[in-house]
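Enquirer: Sharing a structure below in C-alpha cells format, with a few things to ask.
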Amino acid sequence: MSRYDVIDELVGVPLELRKRRPITKEQAQKSFDALFSNVKDGDFSLKDRFAIATFVSRLHNFDSAIKFYEDELKKFQPDWAKVILEAANSAKSTGPFGDYPDGPLVKENTTGKTWHAEAEVKNSLGEKLAAALTHSHLLVFHPRDCEASHLEALKKAGWSNDEIVTLSQLVAFLSFQLRLALGLKTLAAKKEAN
C-alpha cells in the first residue's frame, strides 16, 4: 500500500478514522495516481489535468487543494495560474442546479449560474482547455443538465471521445476527493476543538 496519500495532505493530518477503511483509502489514492501519474504524452496532458484540477479546486473554494493543485500546475505552466484564478472567480457559484425529468423530483428543480470561458481565457489557455473548463463548471454545478450538445462542444474544440471520458472521470474524482477532504478537515477541526 502506498504511504503517500493526497487526501491526508489536503486535510493536513492523517485521521485515525481513515485507517479503519484501508482499502477505501488505498483505492482513493490509486484513483488519483491513475489520473495524475504515469500520464503518457498525448493530447490530454498532465499540465491540462492540473489546470482543470486547479479550476475545480477553486470552484470548491478549498484552500489546501487550491495550493496543492496550483503548485503542481506551476511546475508545468506557471503563467496559467493567474488565468485559472480569474476564470474560477468569475465562475464561482453554489449548487447543484438543474432540472429533473417529470416526476416527484421536479419540485427540486433549481436554476443557477452557467459559465462559459470568455475570449481572454481561450486566448491564454487555448480553445481546447477553455472548453474543458466550461464543461468542468457544468459537471460541478449543473450535473443534471448535461446533454449531447455539451459533448459536441468538446469535440468541436478538439476533444476525442476517450479524452472526454477521462475529463469526466477527472472532474468526478476531484468532486469526490475535495468533498471528502473538506468533510474530514471539518471533523479534524471539531476533534481538535474538543
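Ordering of the C-alpha cells sets the chain letters (A, B, ...), residue numbers begin anew at 1 in every chain, and ligands are numbered from 1 in the order given.
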Counting only C-alpha atoms, which residues in segment 9-64 of chain A sit no more than 12 Å from segment 182-192 of chain A? For each one, give the nearest pair of atoms and the distance in Å, sorted by chain then residue number, as JSON lines.

Expert:
```
{"residue": "A:Glu9", "atom": "CA", "partner": "A:Lys185", "partner_atom": "CA", "distance": 10.3}
{"residue": "A:Leu10", "atom": "CA", "partner": "A:Lys185", "partner_atom": "CA", "distance": 8.1}
{"residue": "A:Val11", "atom": "CA", "partner": "A:Lys185", "partner_atom": "CA", "distance": 4.9}
{"residue": "A:Gly12", "atom": "CA", "partner": "A:Lys185", "partner_atom": "CA", "distance": 7.5}
{"residue": "A:Val13", "atom": "CA", "partner": "A:Ala188", "partner_atom": "CA", "distance": 7.9}
{"residue": "A:Pro14", "atom": "CA", "partner": "A:Ala188", "partner_atom": "CA", "distance": 9.2}
{"residue": "A:Leu15", "atom": "CA", "partner": "A:Ala188", "partner_atom": "CA", "distance": 7.3}
{"residue": "A:Glu16", "atom": "CA", "partner": "A:Ala188", "partner_atom": "CA", "distance": 9.9}
{"residue": "A:Leu17", "atom": "CA", "partner": "A:Leu184", "partner_atom": "CA", "distance": 8.9}
{"residue": "A:Arg18", "atom": "CA", "partner": "A:Leu184", "partner_atom": "CA", "distance": 9.1}
{"residue": "A:Ser57", "atom": "CA", "partner": "A:Leu182", "partner_atom": "CA", "distance": 11.0}
{"residue": "A:His60", "atom": "CA", "partner": "A:Leu182", "partner_atom": "CA", "distance": 9.4}
{"residue": "A:Asn61", "atom": "CA", "partner": "A:Leu182", "partner_atom": "CA", "distance": 9.9}
{"residue": "A:Phe62", "atom": "CA", "partner": "A:Leu182", "partner_atom": "CA", "distance": 7.3}
{"residue": "A:Asp63", "atom": "CA", "partner": "A:Leu182", "partner_atom": "CA", "distance": 9.9}
{"residue": "A:Ser64", "atom": "CA", "partner": "A:Leu182", "partner_atom": "CA", "distance": 9.5}
```

Enquirer: When you look at segment 141-144 of chain A with a cut-off of 8 Å (counting only C-alpha atoms), what residues show up, excluding the ones that are within fewer than 4 positions of it in the same chain? I need them as a list in words.

Expert: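 These residues fall inside the cut-off: Ser93, Thr94, Gly95, Pro96, Phe97, Gly98, Asp99, Tyr100, Thr114 and His137 of chain A.
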
Enquirer: If you keep all heavy atoms, can you produce a file of those selected residues as a PDB file, in the first residue's frame?

Expert:
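selection23.pdb written:
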```
ATOM      1  N   SER A  93     -20.006  29.810  -7.934  1.00  0.00           N
ATOM      2  CA  SER A  93     -21.442  29.751  -7.751  1.00  0.00           C
ATOM      3  C   SER A  93     -21.734  28.822  -6.584  1.00  0.00           C
ATOM      4  O   SER A  93     -20.827  28.429  -5.862  1.00  0.00           O
ATOM      5  CB  SER A  93     -22.097  29.232  -9.042  1.00  0.00           C
ATOM      6  OG  SER A  93     -23.489  29.379  -8.989  1.00  0.00           O
ATOM      7  N   THR A  94     -22.987  28.483  -6.425  1.00  0.00           N
ATOM      8  CA  THR A  94     -23.388  27.442  -5.494  1.00  0.00           C
ATOM      9  C   THR A  94     -24.177  26.440  -6.311  1.00  0.00           C
ATOM     10  O   THR A  94     -24.438  26.659  -7.489  1.00  0.00           O
ATOM     11  CB  THR A  94     -24.263  28.006  -4.357  1.00  0.00           C
ATOM     12  OG1 THR A  94     -25.420  28.617  -4.926  1.00  0.00           O
ATOM     13  CG2 THR A  94     -23.500  29.016  -3.514  1.00  0.00           C
ATOM     14  N   GLY A  95     -24.608  25.414  -5.724  1.00  0.00           N
ATOM     15  CA  GLY A  95     -25.357  24.447  -6.500  1.00  0.00           C
ATOM     16  C   GLY A  95     -25.499  23.160  -5.715  1.00  0.00           C
ATOM     17  O   GLY A  95     -25.269  23.156  -4.521  1.00  0.00           O
ATOM     18  N   PRO A  96     -25.859  22.106  -6.349  1.00  0.00           N
ATOM     19  CA  PRO A  96     -26.029  21.973  -7.786  1.00  0.00           C
ATOM     20  C   PRO A  96     -27.365  22.532  -8.262  1.00  0.00           C
ATOM     21  O   PRO A  96     -28.299  22.670  -7.484  1.00  0.00           O
ATOM     22  CB  PRO A  96     -25.967  20.466  -8.012  1.00  0.00           C
ATOM     23  CG  PRO A  96     -26.441  19.875  -6.731  1.00  0.00           C
ATOM     24  CD  PRO A  96     -26.026  20.835  -5.654  1.00  0.00           C
ATOM     25  N   PHE A  97     -27.392  22.823  -9.552  1.00  0.00           N
ATOM     26  CA  PHE A  97     -28.590  23.329 -10.196  1.00  0.00           C
ATOM     27  C   PHE A  97     -29.049  22.313 -11.231  1.00  0.00           C
ATOM     28  O   PHE A  97     -28.322  21.404 -11.586  1.00  0.00           O
ATOM     29  CB  PHE A  97     -28.302  24.655 -10.911  1.00  0.00           C
ATOM     30  CG  PHE A  97     -27.707  25.708 -10.020  1.00  0.00           C
ATOM     31  CD1 PHE A  97     -26.397  26.132 -10.202  1.00  0.00           C
ATOM     32  CD2 PHE A  97     -28.440  26.272  -8.994  1.00  0.00           C
ATOM     33  CE1 PHE A  97     -25.844  27.114  -9.388  1.00  0.00           C
ATOM     34  CE2 PHE A  97     -27.903  27.250  -8.177  1.00  0.00           C
ATOM     35  CZ  PHE A  97     -26.600  27.667  -8.373  1.00  0.00           C
ATOM     36  N   GLY A  98     -30.238  22.517 -11.727  1.00  0.00           N
ATOM     37  CA  GLY A  98     -30.695  21.697 -12.836  1.00  0.00           C
ATOM     38  C   GLY A  98     -32.127  21.262 -12.701  1.00  0.00           C
ATOM     39  O   GLY A  98     -32.798  21.541 -11.706  1.00  0.00           O
ATOM     40  N   ASP A  99     -32.583  20.595 -13.745  1.00  0.00           N
ATOM     41  CA  ASP A  99     -33.957  20.120 -13.826  1.00  0.00           C
ATOM     42  C   ASP A  99     -33.982  18.597 -13.841  1.00  0.00           C
ATOM     43  O   ASP A  99     -33.162  17.957 -14.512  1.00  0.00           O
ATOM     44  CB  ASP A  99     -34.630  20.632 -15.100  1.00  0.00           C
ATOM     45  CG  ASP A  99     -34.828  22.136 -15.085  1.00  0.00           C
ATOM     46  OD1 ASP A  99     -34.986  22.698 -13.988  1.00  0.00           O
ATOM     47  OD2 ASP A  99     -34.813  22.743 -16.176  1.00  0.00           O
ATOM     48  N   TYR A 100     -34.930  18.057 -13.093  1.00  0.00           N
ATOM     49  CA  TYR A 100     -35.185  16.628 -13.115  1.00  0.00           C
ATOM     50  C   TYR A 100     -36.238  16.326 -14.180  1.00  0.00           C
ATOM     51  O   TYR A 100     -37.053  17.189 -14.516  1.00  0.00           O
ATOM     52  CB  TYR A 100     -35.696  16.158 -11.756  1.00  0.00           C
ATOM     53  CG  TYR A 100     -34.627  16.100 -10.696  1.00  0.00           C
ATOM     54  CD1 TYR A 100     -34.489  17.120  -9.754  1.00  0.00           C
ATOM     55  CD2 TYR A 100     -33.757  15.019 -10.625  1.00  0.00           C
ATOM     56  CE1 TYR A 100     -33.518  17.067  -8.780  1.00  0.00           C
ATOM     57  CE2 TYR A 100     -32.778  14.959  -9.643  1.00  0.00           C
ATOM     58  CZ  TYR A 100     -32.663  15.976  -8.722  1.00  0.00           C
ATOM     59  OH  TYR A 100     -31.688  15.921  -7.762  1.00  0.00           O
ATOM     60  N   THR A 114     -24.790  29.749 -15.130  1.00  0.00           N
ATOM     61  CA  THR A 114     -23.986  28.965 -16.068  1.00  0.00           C
ATOM     62  C   THR A 114     -22.778  29.810 -16.435  1.00  0.00           C
ATOM     63  O   THR A 114     -22.833  31.043 -16.367  1.00  0.00           O
ATOM     64  CB  THR A 114     -24.777  28.583 -17.337  1.00  0.00           C
ATOM     65  OG1 THR A 114     -25.244  29.781 -17.961  1.00  0.00           O
ATOM     66  CG2 THR A 114     -25.947  27.686 -17.006  1.00  0.00           C
ATOM     67  N   HIS A 137     -17.173  23.236 -15.192  1.00  0.00           N
ATOM     68  CA  HIS A 137     -18.155  24.044 -14.447  1.00  0.00           C
ATOM     69  C   HIS A 137     -19.539  23.403 -14.554  1.00  0.00           C
ATOM     70  O   HIS A 137     -20.265  23.305 -13.558  1.00  0.00           O
ATOM     71  CB  HIS A 137     -18.183  25.474 -14.985  1.00  0.00           C
ATOM     72  CG  HIS A 137     -19.064  26.386 -14.207  1.00  0.00           C
ATOM     73  ND1 HIS A 137     -20.421  26.498 -14.455  1.00  0.00           N
ATOM     74  CD2 HIS A 137     -18.791  27.211 -13.165  1.00  0.00           C
ATOM     75  CE1 HIS A 137     -20.943  27.366 -13.598  1.00  0.00           C
ATOM     76  NE2 HIS A 137     -19.977  27.815 -12.805  1.00  0.00           N
TER      77      HIS A 137
END
```

Enquirer: Which residues, written as a list in words, have at least one atom at most 9 Å from segment 70-85 of chain A, with only C-alpha atoms counted and residues fewer than 3 positions away on the same chain left out?

Expert: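 Near segment 70-85 of chain A, the qualifying residues are Leu46, Lys47, Asp48, Arg49, Phe50, Ala51, Ile52, Ala53, Thr54, Phe55, Arg58, Ala65, Ile66, Lys67, Ala88, Asn89, Ser90, Glu120, Val121, Ser124 and Leu125 of chain A.
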
Enquirer: Could you give me, as an MDAnalysis selection string, the residues within 10 Å of Trp159 of chain A, counting only C-alpha atoms and dropping anything in the same chain fewer than 6 positions from it?

Expert: chainID A and resid 43:44 128:129 131:132 151:153 165 167

Enquirer: For a test of reading the model, state the distance in Å between atom CA of Asp102 of chain A and atom CA of Ser175 of chain A, rounded to one decimal.

Expert: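 Interatomic distance here is 26.9 Å.
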
Enquirer: Which residues are close to Lys25 of chain A, i.e. within 12 Å by only C-alpha atoms, leaving aside same-chain residues fewer than 3 positions away? Reply as a ChimeraX atom specification.

Expert: /A:1-8,14-22,28-32,177,180-181

Enquirer: Under the rule that only C-alpha atoms are counted, which of A:His135, A:His116, A:Lys107, A:Lys40 is the nearest residue to Lys155 of chain A?

Expert: A:His135

Enquirer: Per DSSP on the backbone, filter segment 3-187 of chain A down to the residues in helix (DSSP H, G or I) and report them as a PyMOL selection string.

Expert: chain A and resi 6-11+16-19+22-36+46-60+63-76+80-91+104-108+119-125+127-141+143-145+148-156+161-187

Enquirer: Between A:Ala130, A:Ala34, A:Leu178, A:Leu139, which one has atoms that come closest to Gly158 of chain A, using only C-alpha atoms?

Expert: A:Ala130

Enquirer: Figure out the distance between atom CA of Val140 of chain A and atom CA of Val171 of chain A, please, to one decimal in Å.

Expert: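 Computing the Euclidean distance for atom CA of Val171 of chain A and atom CA of Val140 of chain A yields 7.6 Å.
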